[in-house]
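Student: I'd like to ask you about the structure that follows.
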Amino acid sequence: MSPGAIDGIIVCAVLACVSLLVWLACGWMRDSLARYRAVFTETARVRMSEFFLFVDANQLWVAHVALIGILAAACGWFARSWILAAAGGAAGAWLPRLAIRHLRARRLRRFDAQLPDALLALASALRAGASLQAGLRQIAAEAEAPLAQEFTLLMREQRFGVGMDQSLANLHARMSTDAAGLVASALRIATDTGGNLAETLERIGATVRARLHMEGRIRALTAQGRLQARVVGILPWLLLGVLHRLEPEAMERLWTTPEGWAVLALVAALDILGLWMIARIVRIDI
């Protein structure tokens, strides 16, 4: 067999192997993307239902993919680097989780802020002779979201045959705060054993109000530290962007060489470490 024929066989074998690897990689990526889409749509549906926002999960998936593509393209165009484009895509995939976490924390804070007045209103209704169910219906009708939504859902669960204990447990699972836990425990004990529920609710309302007042003071005292954390997190990357625009040739090595990527990784690691340390300093548990 001539050397040319042997070289041709080798080339064909290499092409066949490469084609097989590409086919396997495409299949793996397709399956992974399908699993990621299924997990994302289900998680988005559950999280949006917690906020009483009934949005089509497929539309959220399209917006999520568009966000990933836009950030990846913007970072790749800005830095002329596939590594930074991949980092931008990863940031786009992470941003929805951060947004949901922020919305959930804000919803919990607003629920706790509405709870003391609702407890006082419920205690007044009980002292006036109304039943617990009537007092809960009054709160659900007159309060604002999210407290009205949660108590309306609690009453709806009971109309569908769910027990009071289970409804209160579901409420505490959705609103996983100490104040909601106190209210759920008090109502559960009152329905089981009786007692002066109005006085108990008034005490819980006063306790929750004092706790919210203390949390507000703590947030005011630690506001400067939180602002410093934001500045520490944004300033290095803002400075890199400004330097890239002013001296693109000098900054080229930072985006296109392994040494530059190592420097960027070190900057990111130190930035995350600084944010974590500041967060630990300004976080005060009460």
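Labels used: A, B, ... for chains in the order of the structure tokens, numbers from 1 for residues in each chain, and numbers from 1 for ligands as shown.
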Excluding Asp165 in chain A and residues on its chain fewer than 3 positions from it, collect all residues at most 12 Å away from it, counting only C-alpha atoms, and give them as a PyMOL selection string.

Tutor: chain A and resi 154+157-158+161-162+168-172+183-192

Student: List as a Markdown table every residue of range 186-253 of chain A that is in contact with range 257-280 of chain A, defined as an atom at most 10 Å from one of its atoms (using only C-alpha atoms), together with the nearest atom pair and the distance in Å rounded to one decimal, sorted by chain and then rising number.

Tutor:
| residue | atom | partner | partner_atom | distance |
| --- | --- | --- | --- | --- |
| A:Thr222 | CA | A:Ala279 | CA | 10.0 |
| A:Gly225 | CA | A:Ile278 | CA | 7.0 |
| A:Arg226 | CA | A:Ala279 | CA | 7.4 |
| A:Gln228 | CA | A:Ile278 | CA | 8.2 |
| A:Ala229 | CA | A:Leu275 | CA | 5.7 |
| A:Arg230 | CA | A:Leu275 | CA | 8.0 |
| A:Val231 | CA | A:Leu275 | CA | 9.7 |
| A:Val232 | CA | A:Asp271 | CA | 7.2 |
| A:Gly233 | CA | A:Asp271 | CA | 6.0 |
| A:Ile234 | CA | A:Asp271 | CA | 9.0 |
| A:Leu235 | CA | A:Asp271 | CA | 9.7 |
| A:Pro236 | CA | A:Val267 | CA | 7.9 |
| A:Trp237 | CA | A:Val267 | CA | 9.0 |
| A:Leu240 | CA | A:Leu264 | CA | 9.8 |
| A:Met251 | CA | A:Gly260 | CA | 9.0 |
| A:Glu252 | CA | A:Thr257 | CA | 8.3 |
| A:Arg253 | CA | A:Thr257 | CA | 5.4 |

Student: So, counting only C-alpha atoms, which residue among A:Ala91, A:Met48, A:Ala123, A:Ala179 is closest to Ile68 in chain A?

Tutor: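 Result for the nearest residue to Ile68 in chain A: A:Ala91.
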
Student: Quick check for you: according to DSSP on this backbone, which residues of range 51-177 of chain A are classed as alpha helix (DSSP H)? Reply as a PDB file with C-alpha atoms, in the first residue's frame.

Tutor:
ATOM      1  CA  ALA A  57     -42.703  29.808  32.283  1.00  0.00           C
ATOM      2  CA  ASN A  58     -41.823  29.431  28.595  1.00  0.00           C
ATOM      3  CA  GLN A  59     -41.761  33.209  28.207  1.00  0.00           C
ATOM      4  CA  LEU A  60     -39.444  33.449  31.200  1.00  0.00           C
ATOM      5  CA  TRP A  61     -37.189  30.836  29.591  1.00  0.00           C
ATOM      6  CA  VAL A  62     -36.999  32.874  26.381  1.00  0.00           C
ATOM      7  CA  ALA A  63     -36.162  36.017  28.365  1.00  0.00           C
ATOM      8  CA  HIS A  64     -33.546  34.078  30.334  1.00  0.00           C
ATOM      9  CA  VAL A  65     -31.852  32.806  27.158  1.00  0.00           C
ATOM     10  CA  ALA A  66     -31.966  36.312  25.660  1.00  0.00           C
ATOM     11  CA  LEU A  67     -30.333  37.763  28.780  1.00  0.00           C
ATOM     12  CA  ILE A  68     -27.544  35.186  28.661  1.00  0.00           C
ATOM     13  CA  GLY A  69     -26.937  35.868  24.959  1.00  0.00           C
ATOM     14  CA  ILE A  70     -26.936  39.666  25.370  1.00  0.00           C
ATOM     15  CA  LEU A  71     -24.491  39.628  28.288  1.00  0.00           C
ATOM     16  CA  ALA A  72     -22.208  37.114  26.581  1.00  0.00           C
ATOM     17  CA  ALA A  73     -22.182  39.144  23.355  1.00  0.00           C
ATOM     18  CA  ALA A  74     -21.601  42.427  25.211  1.00  0.00           C
ATOM     19  CA  CYS A  75     -18.713  41.048  27.276  1.00  0.00           C
ATOM     20  CA  GLY A  76     -17.186  39.346  24.233  1.00  0.00           C
ATOM     21  CA  TRP A  77     -17.425  42.496  22.140  1.00  0.00           C
ATOM     22  CA  PHE A  78     -16.045  44.689  24.908  1.00  0.00           C
ATOM     23  CA  ALA A  79     -13.083  42.498  25.858  1.00  0.00           C
ATOM     24  CA  TRP A  82     -14.147  34.180  24.579  1.00  0.00           C
ATOM     25  CA  ILE A  83     -13.322  33.753  28.248  1.00  0.00           C
ATOM     26  CA  LEU A  84     -15.029  37.012  29.165  1.00  0.00           C
ATOM     27  CA  ALA A  85     -17.959  36.128  26.894  1.00  0.00           C
ATOM     28  CA  ALA A  86     -18.397  32.863  28.795  1.00  0.00           C
ATOM     29  CA  ALA A  87     -18.180  34.784  32.096  1.00  0.00           C
ATOM     30  CA  GLY A  88     -20.882  37.162  30.877  1.00  0.00           C
ATOM     31  CA  GLY A  89     -23.105  34.228  29.947  1.00  0.00           C
ATOM     32  CA  ALA A  90     -22.559  32.673  33.378  1.00  0.00           C
ATOM     33  CA  ALA A  91     -23.488  35.999  35.000  1.00  0.00           C
ATOM     34  CA  GLY A  92     -26.666  36.088  32.906  1.00  0.00           C
ATOM     35  CA  ALA A  93     -27.559  32.595  34.112  1.00  0.00           C
ATOM     36  CA  TRP A  94     -26.984  33.640  37.746  1.00  0.00           C
ATOM     37  CA  LEU A  95     -28.827  36.985  37.712  1.00  0.00           C
ATOM     38  CA  PRO A  96     -32.392  35.543  37.797  1.00  0.00           C
ATOM     39  CA  ARG A  97     -31.593  33.675  41.022  1.00  0.00           C
ATOM     40  CA  LEU A  98     -30.255  36.866  42.555  1.00  0.00           C
ATOM     41  CA  ALA A  99     -33.358  38.785  41.463  1.00  0.00           C
ATOM     42  CA  ILE A 100     -35.704  36.139  42.908  1.00  0.00           C
ATOM     43  CA  ARG A 101     -33.761  36.099  46.178  1.00  0.00           C
ATOM     44  CA  HIS A 102     -34.018  39.900  46.398  1.00  0.00           C
ATOM     45  CA  LEU A 103     -37.763  39.882  45.633  1.00  0.00           C
ATOM     46  CA  ARG A 104     -38.406  37.150  48.195  1.00  0.00           C
ATOM     47  CA  ALA A 105     -36.466  39.011  50.913  1.00  0.00           C
ATOM     48  CA  ARG A 106     -38.389  42.213  50.165  1.00  0.00           C
ATOM     49  CA  ARG A 107     -41.683  40.333  50.280  1.00  0.00           C
ATOM     50  CA  LEU A 108     -40.826  38.796  53.653  1.00  0.00           C
ATOM     51  CA  ARG A 109     -39.862  42.206  55.084  1.00  0.00           C
ATOM     52  CA  ARG A 110     -43.105  43.741  53.870  1.00  0.00           C
ATOM     53  CA  PHE A 111     -45.129  40.863  55.327  1.00  0.00           C
ATOM     54  CA  ASP A 112     -43.472  41.323  58.712  1.00  0.00           C
ATOM     55  CA  ALA A 113     -44.073  45.077  58.547  1.00  0.00           C
ATOM     56  CA  GLN A 114     -47.809  44.531  57.936  1.00  0.00           C
ATOM     57  CA  LEU A 115     -48.178  41.824  60.565  1.00  0.00           C
ATOM     58  CA  PRO A 116     -48.365  43.914  63.805  1.00  0.00           C
ATOM     59  CA  ASP A 117     -51.333  46.000  62.609  1.00  0.00           C
ATOM     60  CA  ALA A 118     -53.054  42.870  61.309  1.00  0.00           C
ATOM     61  CA  LEU A 119     -52.598  41.114  64.658  1.00  0.00           C
ATOM     62  CA  LEU A 120     -54.021  44.093  66.534  1.00  0.00           C
ATOM     63  CA  ALA A 121     -57.011  44.172  64.177  1.00  0.00           C
ATOM     64  CA  LEU A 122     -57.547  40.438  64.662  1.00  0.00           C
ATOM     65  CA  ALA A 123     -57.297  40.810  68.451  1.00  0.00           C
ATOM     66  CA  SER A 124     -59.852  43.655  68.368  1.00  0.00           C
ATOM     67  CA  ALA A 125     -62.212  41.527  66.289  1.00  0.00           C
ATOM     68  CA  LEU A 126     -61.905  38.660  68.766  1.00  0.00           C
ATOM     69  CA  ARG A 127     -62.575  40.975  71.722  1.00  0.00           C
ATOM     70  CA  LEU A 132     -61.299  33.513  64.426  1.00  0.00           C
ATOM     71  CA  GLN A 133     -62.468  32.661  60.906  1.00  0.00           C
ATOM     72  CA  ALA A 134     -64.406  35.931  60.641  1.00  0.00           C
ATOM     73  CA  GLY A 135     -61.403  37.911  61.877  1.00  0.00           C
ATOM     74  CA  LEU A 136     -59.114  36.235  59.343  1.00  0.00           C
ATOM     75  CA  ARG A 137     -61.603  36.948  56.541  1.00  0.00           C
ATOM     76  CA  GLN A 138     -61.727  40.604  57.574  1.00  0.00           C
ATOM     77  CA  ILE A 139     -57.935  40.881  57.496  1.00  0.00           C
ATOM     78  CA  ALA A 140     -57.778  39.162  54.100  1.00  0.00           C
ATOM     79  CA  ALA A 141     -60.371  41.597  52.734  1.00  0.00           C
ATOM     80  CA  GLU A 142     -58.933  44.837  54.125  1.00  0.00           C
ATOM     81  CA  LEU A 147     -50.415  39.814  53.799  1.00  0.00           C
ATOM     82  CA  ALA A 148     -53.851  39.831  52.152  1.00  0.00           C
ATOM     83  CA  GLN A 149     -52.712  37.293  49.571  1.00  0.00           C
ATOM     84  CA  GLU A 150     -51.301  34.920  52.179  1.00  0.00           C
ATOM     85  CA  PHE A 151     -54.341  35.058  54.458  1.00  0.00           C
ATOM     86  CA  THR A 152     -56.684  34.697  51.481  1.00  0.00           C
ATOM     87  CA  LEU A 153     -54.804  31.575  50.453  1.00  0.00           C
ATOM     88  CA  LEU A 154     -55.001  30.294  54.043  1.00  0.00           C
ATOM     89  CA  MET A 155     -58.794  30.738  54.070  1.00  0.00           C
ATOM     90  CA  ARG A 156     -59.112  29.159  50.627  1.00  0.00           C
ATOM     91  CA  GLU A 157     -57.176  26.093  51.755  1.00  0.00           C
ATOM     92  CA  GLN A 158     -59.573  25.662  54.665  1.00  0.00           C
ATOM     93  CA  ARG A 159     -62.597  25.916  52.357  1.00  0.00           C
ATOM     94  CA  MET A 164     -56.169  24.642  60.305  1.00  0.00           C
ATOM     95  CA  ASP A 165     -52.868  23.187  61.500  1.00  0.00           C
ATOM     96  CA  GLN A 166     -51.801  22.294  57.967  1.00  0.00           C
ATOM     97  CA  SER A 167     -52.881  25.683  56.600  1.00  0.00           C
ATOM     98  CA  LEU A 168     -50.819  27.459  59.245  1.00  0.00           C
ATOM     99  CA  ALA A 169     -47.853  25.196  58.516  1.00  0.00           C
ATOM    100  CA  ASN A 170     -48.165  26.057  54.816  1.00  0.00           C
ATOM    101  CA  LEU A 171     -48.290  29.758  55.686  1.00  0.00           C
ATOM    102  CA  HIS A 172     -45.119  29.466  57.737  1.00  0.00           C
ATOM    103  CA  ALA A 173     -43.437  27.515  54.917  1.00  0.00           C
ATOM    104  CA  ARG A 174     -44.224  30.302  52.448  1.00  0.00           C
TER     105      ARG A 174
END

Student: Mind giving me the straight-line distance from CA of Ser49 in chain A to CA of Glu215 in chain A in Å, one decimal?

Tutor: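 Rounded to one decimal, the two atoms are 28.2 Å apart.
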